[in-house]
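Asker: One structure, pasted below without further comment.
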4 protein chains.
Amino acid sequence: MRVAVIGASGYTGLELLRILSRHPEFELRVATSEQRAGMSVGDAFPSLRGIVDLEFEANDPAAIAPRVEVAFTALPHAASAPTVVALRKAGVRVVDLSADFRLRDDETYRSWYGDHPAPELIGSAVYGLPELYREQLAKTELVAVPGCYPTSALLPLVPFLRQGLVEPTGIVVDSKSGVSGAGRKLDESFLFAELDDNCYAYKVGNQHRHVPEIQQEAAAAAACDVSVTFVPHLLPTIRGIVTTVYLRTNRPISTAEANAVLTDAYANERFVRVLPDGQTPSLAAVRGSNFCDVAVYSDERNHTLVVMATLDNLVKGASGGAVQSANVMCGFPEHAALLEAPLVP
Amino acid sequence: MRVAVIGASGYTGLELLRILSRHPEFELRVATSEQRAGMSVGDAFPSLRGIVDLEFEANDPAAIAPRVEVAFTALPHAASAPTVVALRKAGVRVVDLSADFRLRDDETYRSWYGDHPAPELIGSAVYGLPELYREQLAKTELVAVPGCYPTSALLPLVPFLRQGLVEPTGIVVDSKSGVSGAGRKLDESFLFAELDDNCYAYKVGNQHRHVPEIQQEAAAAAACDVSVTFVPHLLPTIRGIVTTVYLRTNRPISTAEANAVLTDAYANERFVRVLPDGQTPSLAAVRGSNFCDVAVYSDERNHTLVVMATLDNLVKGASGGAVQSANVMCGFPEHAALLEAPLVP
Amino acid sequence: MRVAVIGASGYTGLELLRILSRHPEFELRVATSEQRAGMSVGDAFPSLRGIVDLEFEANDPAAIAPRVEVAFTALPHAASAPTVVALRKAGVRVVDLSADFRLRDDETYRSWYGDHPAPELIGSAVYGLPELYREQLAKTELVAVPGCYPTSALLPLVPFLRQGLVEPTGIVVDSKSGVSGAGRKLDESFLFAELDDNCYAYKVGNQHRHVPEIQQEAAAAAACDVSVTFVPHLLPTIRGIVTTVYLRTNRPISTAEANAVLTDAYANERFVRVLPDGQTPSLAAVRGSNFCDVAVYSDERNHTLVVMATLDNLVKGASGGAVQSANVMCGFPEHAALLEAPLVP
Amino acid sequence: MRVAVIGASGYTGLELLRILSRHPEFELRVATSEQRAGMSVGDAFPSLRGIVDLEFEANDPAAIAPRVEVAFTALPHAASAPTVVALRKAGVRVVDLSADFRLRDDETYRSWYGDHPAPELIGSAVYGLPELYREQLAKTELVAVPGCYPTSALLPLVPFLRQGLVEPTGIVVDSKSGVSGAGRKLDESFLFAELDDNCYAYKVGNQHRHVPEIQQEAAAAAACDVSVTFVPHLLPTIRGIVTTVYLRTNRPISTAEANAVLTDAYANERFVRVLPDGQTPSLAAVRGSNFCDVAVYSDERNHTLVVMATLDNLVKGASGGAVQSANVMCGFPEHAALLEAPLVP
């Protein structure tokens, strides 16, 4: 099946090239980059020399549509929607990595991002977490790939909300992320000399655009409104998110019981690894892979569950998750091209 | 005033040498190291060549006591107490960096550390946070230097507990620490190849020995029992702690009001810098210095205060704090040798 | 074809597991580790949970030989030879990652490593650089995988020696290596707090055991004795070697001509990527991959060629190179399991 | 003595503020920054809050001159000269950290930098390496602070050239530098996600602007033309340079004899630490300090000396060296404000 990567020179785009280059079913035909149009992928990105034999081209949905069956769009929010609209009209199945189709409520979208560039498509995409929406993904032609932070928050959080074991308000999500989540952005704060050996919180509490996305899916799991205090921190790593979720239990729960909730929820999930009691998930153990590792500890004294998750923000948190959803949508084995071992050490 | 550093070859010991080498009042006379006894400090630690002109000697309190007026003890817990006892009996003022004299309750000490090696001294030390105990420090001859995590948790936490603005239970302290906090310990998990680009939680919830210490001082501030869920994470940095504290407010509080609580509490403190609204404290901005930077955000929707603090675990979190307390104890200017600018970038 | 990894819990052993887990022809049947015998691979190394479904066992060549056709031995030098002897006697083809069979001269081996544990096998192995010994590898049953530094020095060096364009003495090889080359060794100097933000030379000039190996293969290429001053440096990275070779030319050579020497030598090599003039090889562009990137600059003023190479010491410099040689030995496509894109960013 | 820092918001400017804030004789009166004019230093750079109590102002030499006796200019090359001219005319002593006054040959300057903005001052500055030009510095009013790479190359190189022990051509200088040497430059290649875990050569051989500077001072030491192949590499560290120099000896020299050359040359130098045989200089041991550590190894087989040096590029390689020269120029103790211990670990 022929595929395009639209916006292939950013970090998530490159990661799509990396993953798709080993995919047994998808054949990479188109890679776009406005800035590098006309350059070979290998000249622009020496790591892909000998791996991807394509030339970057400009983004022209009309010209691309006839050449592929599936497109991954890795463009900034608002810039993505028009391309998605054009590709969908031409019958191309789309996996969109932007924020444009994640929120199902027009009003919420507007308050965080401004007017929606394609309001008619709002609500028509399936949220690309196969662990939550596998059946719907098998039937859709438009996938909205979740944000990296929401994936890292929802996988540990949803099983407890579904079971009604925890309070839906006062939830704390403390995340620590490598800097590639911000893309290849020329901002002083992302310079090596500024970020090495450094760490700090940013967009604290209720200021990050991933808040409404986490709350939307958490509410769907809890079947009631959910309120989350979200504090992202920047880590001096390239990849990876460590998310620590704090939940108030509404009755005493032991660590073993809490662990069983996760184990049951993910018994059949290949990419969510529930760690045994006493182990905690680490960034390194998921580096470069599509796994999300989760574990839980119950501080019964304090009626508090600590649920931990790690994932690689560019893989399970973006491009790997996108391919996983595409596999489901296209009827391929869900793990195709995604069972690479993490890069350890 | 002549001083000794007992246990001078560990990370906190070396940091004491680094700070004391520029101290205008303390004169470094003795540095002990069992493993390196007989070596010059500069041969053992090339960074200190040309800075500290001493030879390491073995720890012999009887031989050391007559040669100094003040001793900093940087030995492991339980190993420290006998030396402290001997030095105190000989009239030497002691600043102890171990955990031996931080807890004032014998029973609590025993449940976390085992039998106390010098129970008669329990409760006789002053907790070495001048921001909380300045008057007592001026009158004591034995200082118990706080743990690095407790310092990073108490400075942001105490003002809110003292004002009774937050609930004393369900408190969450999510800390991220550089690896030097563990000392120069030969453990596989502290190897560069294991920790670089990595991050993970450990001793989750109620398992770290700093929990009872945080709770002891938090309870003193709140004038009631306080229950803290503490989750430390390891960062891929040498130095620094980022602590994010989550508190439930018992009435609506704006960020501005919360900021004023911190500003009032630390108006006269040279080493606690309250950041203006909208800034968040970073590790880099305190690297190598005795500062603790704090800031606060109120997520009013969720009745949750997010209070953030950063410090250098080897300076304000250990050796710098120790010298600060020693300055107070000895009547020197509290900032002597401690106003070095952070190493940025 | 069934394979064993003997010594599977060290860094090169783990890397073999990582690569072999995706190999289309080799089937991983045995993984040994004395320290972790009886543990599942996934429990011991969480990164491999869900990837490698084996239990570590103790190394018992007699018990292992009947169960596999090929064995990779990743044991320390001297410890490796007895296992290799036993496996070879039982007819198992062996790819040995230790130093035991790299040197073809008994005397040289002895002066650097001590008495050889299996002198009868000296000279019987083929040096596992397919770029130099492809034909011989196709016919052998015992491969001596090169050291990581020698691979990074020989690939840029050999083409110039073969052409007789440079002086065979006074050669300078300045290498910079990530710390995983030292294995998971519990040495203070490899602690994160010691190595982060650090860099230094070690075993300077003629002291590293890779010197005789580089000289042996360089001499074979030059058809005369070659003398190399080798200076390895430790980098604050987990993986990767950057080697910069300085050669005296014996006649004026332009950069373009020098580049052509490399391009001609490696025109048909899939894993050696010769960069265009003006680009320099980077660690990042080969991270996690089996590529070796090379480039050259001629400083004609100074009659000096600067030849640069980068590779991932655990892949092309060890386990990837081992699999590449095994592929050749077994008649599989040389690139099987080895065309993964580098992990960038 | 009142001083100004012109261009105080770049990395070398900030480092000057850091060092001058603890200087016993210099009083910081002016700090300029075009971009941050009007902001307090502490608001713009939180690390300096509570350390430097100044407001950035725009650079106006006429307004600044009457307020100070000494100015440090930390502006880009070509931009610096006009300010230097204006300050000198007003009688202000100037320590210039740009490249504008380092080269004494107009033609050489032009071929590397273009037309000189103040040709009348060429040759009037003293090269700010007190180890080479102490007497001249004591008499000058204009100091040209050396580049960071040249300082790291000349201190190990000069003693051997002065003694005539090595050949003046074919010299190889292989340097590895932290990224702060490039300043706070918004370039994709300096982003954390591009540089972490990375290392590569750049401006190879005879392309870096520090080549003519190294050659100028090396020639002065050798009393003949000197030709240097210079290969800088970028390290994944914020600070520090590791320089490894390769020299051809013109007669057999033992390591001990070579070490004696260094020891004799630097016997009375406080900031150049010659390490004992067998030790090699490390970045960490000089981090944040004004030291330059040097060591030597003679590979007699190969008639090659390996001379190693490490320094902190922002301290001894820039702002610390600048203050050291200013101390000499002003008759203060040469080490004033410069004897801080390195930040280890």
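For the structure tokens, the naming scheme is as follows: chains receive sequential letters (A, B, ...) according to their order of presentation, residues are indexed from 1 within each chain, and ligands are indexed from 1 in presentation order.
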As an MDAnalysis selection string, which residues of stretch 136-204 of chain C does DSSP assign to helix (DSSP H, G or I)?

Answerer: chainID C and resid 136:139 148:162 179:182 188:190 192:195

Asker: Enumerate, in order of chain and increasing residue number, the residues of chain C with an atom no farther than 6 Å from chain D, each with its shortest atom pair and distance in Å to one decimal, counting only C-alpha atoms, as a Markdown table.

Answerer:
| residue | atom | partner | partner_atom | distance |
| --- | --- | --- | --- | --- |
| C:Gly170 | CA | D:Asn302 | CA | 5.5 |
| C:Asp197 | CA | D:Thr237 | CA | 4.8 |
| C:Asn198 | CA | D:Leu283 | CA | 5.0 |
| C:Cys199 | CA | D:Leu283 | CA | 5.5 |
| C:Tyr200 | CA | D:Ser282 | CA | 4.7 |
| C:Gly205 | CA | D:Asp299 | CA | 5.7 |
| C:Thr237 | CA | D:Asp197 | CA | 4.8 |
| C:Ser282 | CA | D:Tyr200 | CA | 4.7 |
| C:Leu283 | CA | D:Asn198 | CA | 5.1 |
| C:Ala284 | CA | D:Asn198 | CA | 5.1 |
| C:Asp299 | CA | D:Gly205 | CA | 5.7 |
| C:Asn302 | CA | D:Gly170 | CA | 5.5 |

Asker: Restricted to N, CA, C and O atoms, what would the selected residues look like written as a tab-separated table (two decimals), in the first residue's frame?

Answerer:
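For reference, again-v4.tsv as written:
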chain	number	residue	atom	x	y	z
C	170	GLY	N	54.34	7.42	11.66
C	170	GLY	CA	53.87	8.73	12.09
C	170	GLY	C	52.37	8.91	11.96
C	170	GLY	O	51.84	10.01	12.06
C	197	ASP	N	29.27	15.67	31.07
C	197	ASP	CA	29.94	16.97	30.86
C	197	ASP	C	31.45	16.86	30.95
C	197	ASP	O	32.13	17.86	31.17
C	198	ASN	N	31.97	15.67	30.80
C	198	ASN	CA	33.40	15.45	30.93
C	198	ASN	C	33.95	14.88	29.62
C	198	ASN	O	33.20	14.42	28.75
C	199	CYS	N	35.25	14.90	29.45
C	199	CYS	CA	35.93	14.31	28.29
C	199	CYS	C	37.42	14.31	28.60
C	199	CYS	O	37.92	15.28	29.17
C	200	TYR	N	38.10	13.22	28.28
C	200	TYR	CA	39.55	13.17	28.54
C	200	TYR	C	40.18	12.02	27.77
C	200	TYR	O	39.51	11.05	27.41
C	205	GLY	N	48.68	6.95	23.42
C	205	GLY	CA	49.83	6.79	22.54
C	205	GLY	C	50.10	5.37	22.11
C	205	GLY	O	49.98	5.01	20.95
C	237	THR	N	28.87	10.30	26.03
C	237	THR	CA	27.76	9.70	25.28
C	237	THR	C	27.74	8.22	25.63
C	237	THR	O	28.74	7.67	26.08
C	282	SER	N	28.92	12.44	11.64
C	282	SER	CA	28.52	12.71	13.02
C	282	SER	C	28.11	11.41	13.69
C	282	SER	O	27.69	10.47	13.04
C	283	LEU	N	28.26	11.42	15.01
C	283	LEU	CA	27.79	10.27	15.80
C	283	LEU	C	26.30	10.05	15.62
C	283	LEU	O	25.83	8.92	15.46
C	284	ALA	N	25.55	11.12	15.69
C	284	ALA	CA	24.10	10.99	15.68
C	284	ALA	C	23.62	10.26	14.43
C	284	ALA	O	22.70	9.44	14.49
C	299	ASP	N	44.74	18.77	3.87
C	299	ASP	CA	45.36	20.05	4.21
C	299	ASP	C	46.68	20.11	3.45
C	299	ASP	O	47.74	19.75	3.96
C	302	ASN	N	50.01	21.50	4.53
C	302	ASN	CA	50.72	20.79	5.60
C	302	ASN	C	50.96	19.33	5.25
C	302	ASN	O	51.36	18.55	6.11

Asker: Identify all residues of stretch 80-239 of chain B in strand (DSSP E) (DSSP on the backbone) and supply them as a list in words.

Answerer: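 Filtering stretch 80-239 of chain B to strand (DSSP E) leaves Arg93, Val94, Val95, Asp96, Val126, Tyr127, Leu142, Val143, Ala144, Ile171, Val172, Val173, Asp174, Ser175, Lys176, Ser177, Tyr200, Ala201, Val228, Thr229, Phe230, Val231, Pro232, His233 and Leu234 of chain B.
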
Asker: Would you list the contacts of C:Tyr266 as a count of residues only, taking every protein, DNA or RNA residue within 12 Å and counting only C-alpha atoms, but skipping same-chain residues closer than 5 positions in sequence?

Answerer: 19

Asker: Within 6 Å of stretch 316-330 of chain A, counting only C-alpha atoms, which residues show up once you throw out same-chain ones fewer than 2 positions away? Write them as an NGL selection string, please.

Answerer: :A and (12 or 16 or 128 or 137-138 or 145 or 148 or 290 or 312-314 or 332 or 334)

Asker: Give the answer as one residue: which of B:Ala44, B:Ala74, B:Val30, B:Val211 has the shortest atom-to-atom distance to B:Gly13, using only C-alpha atoms?

Answerer: B:Ala74

Asker: Leaving out B:Thr108 and any residue of its chain fewer than 6 positions from it, which residues lie within 10 Å of it when counting only C-alpha atoms, given as a PyMOL selection string?

Answerer: chain B and resi 114+212-213+216
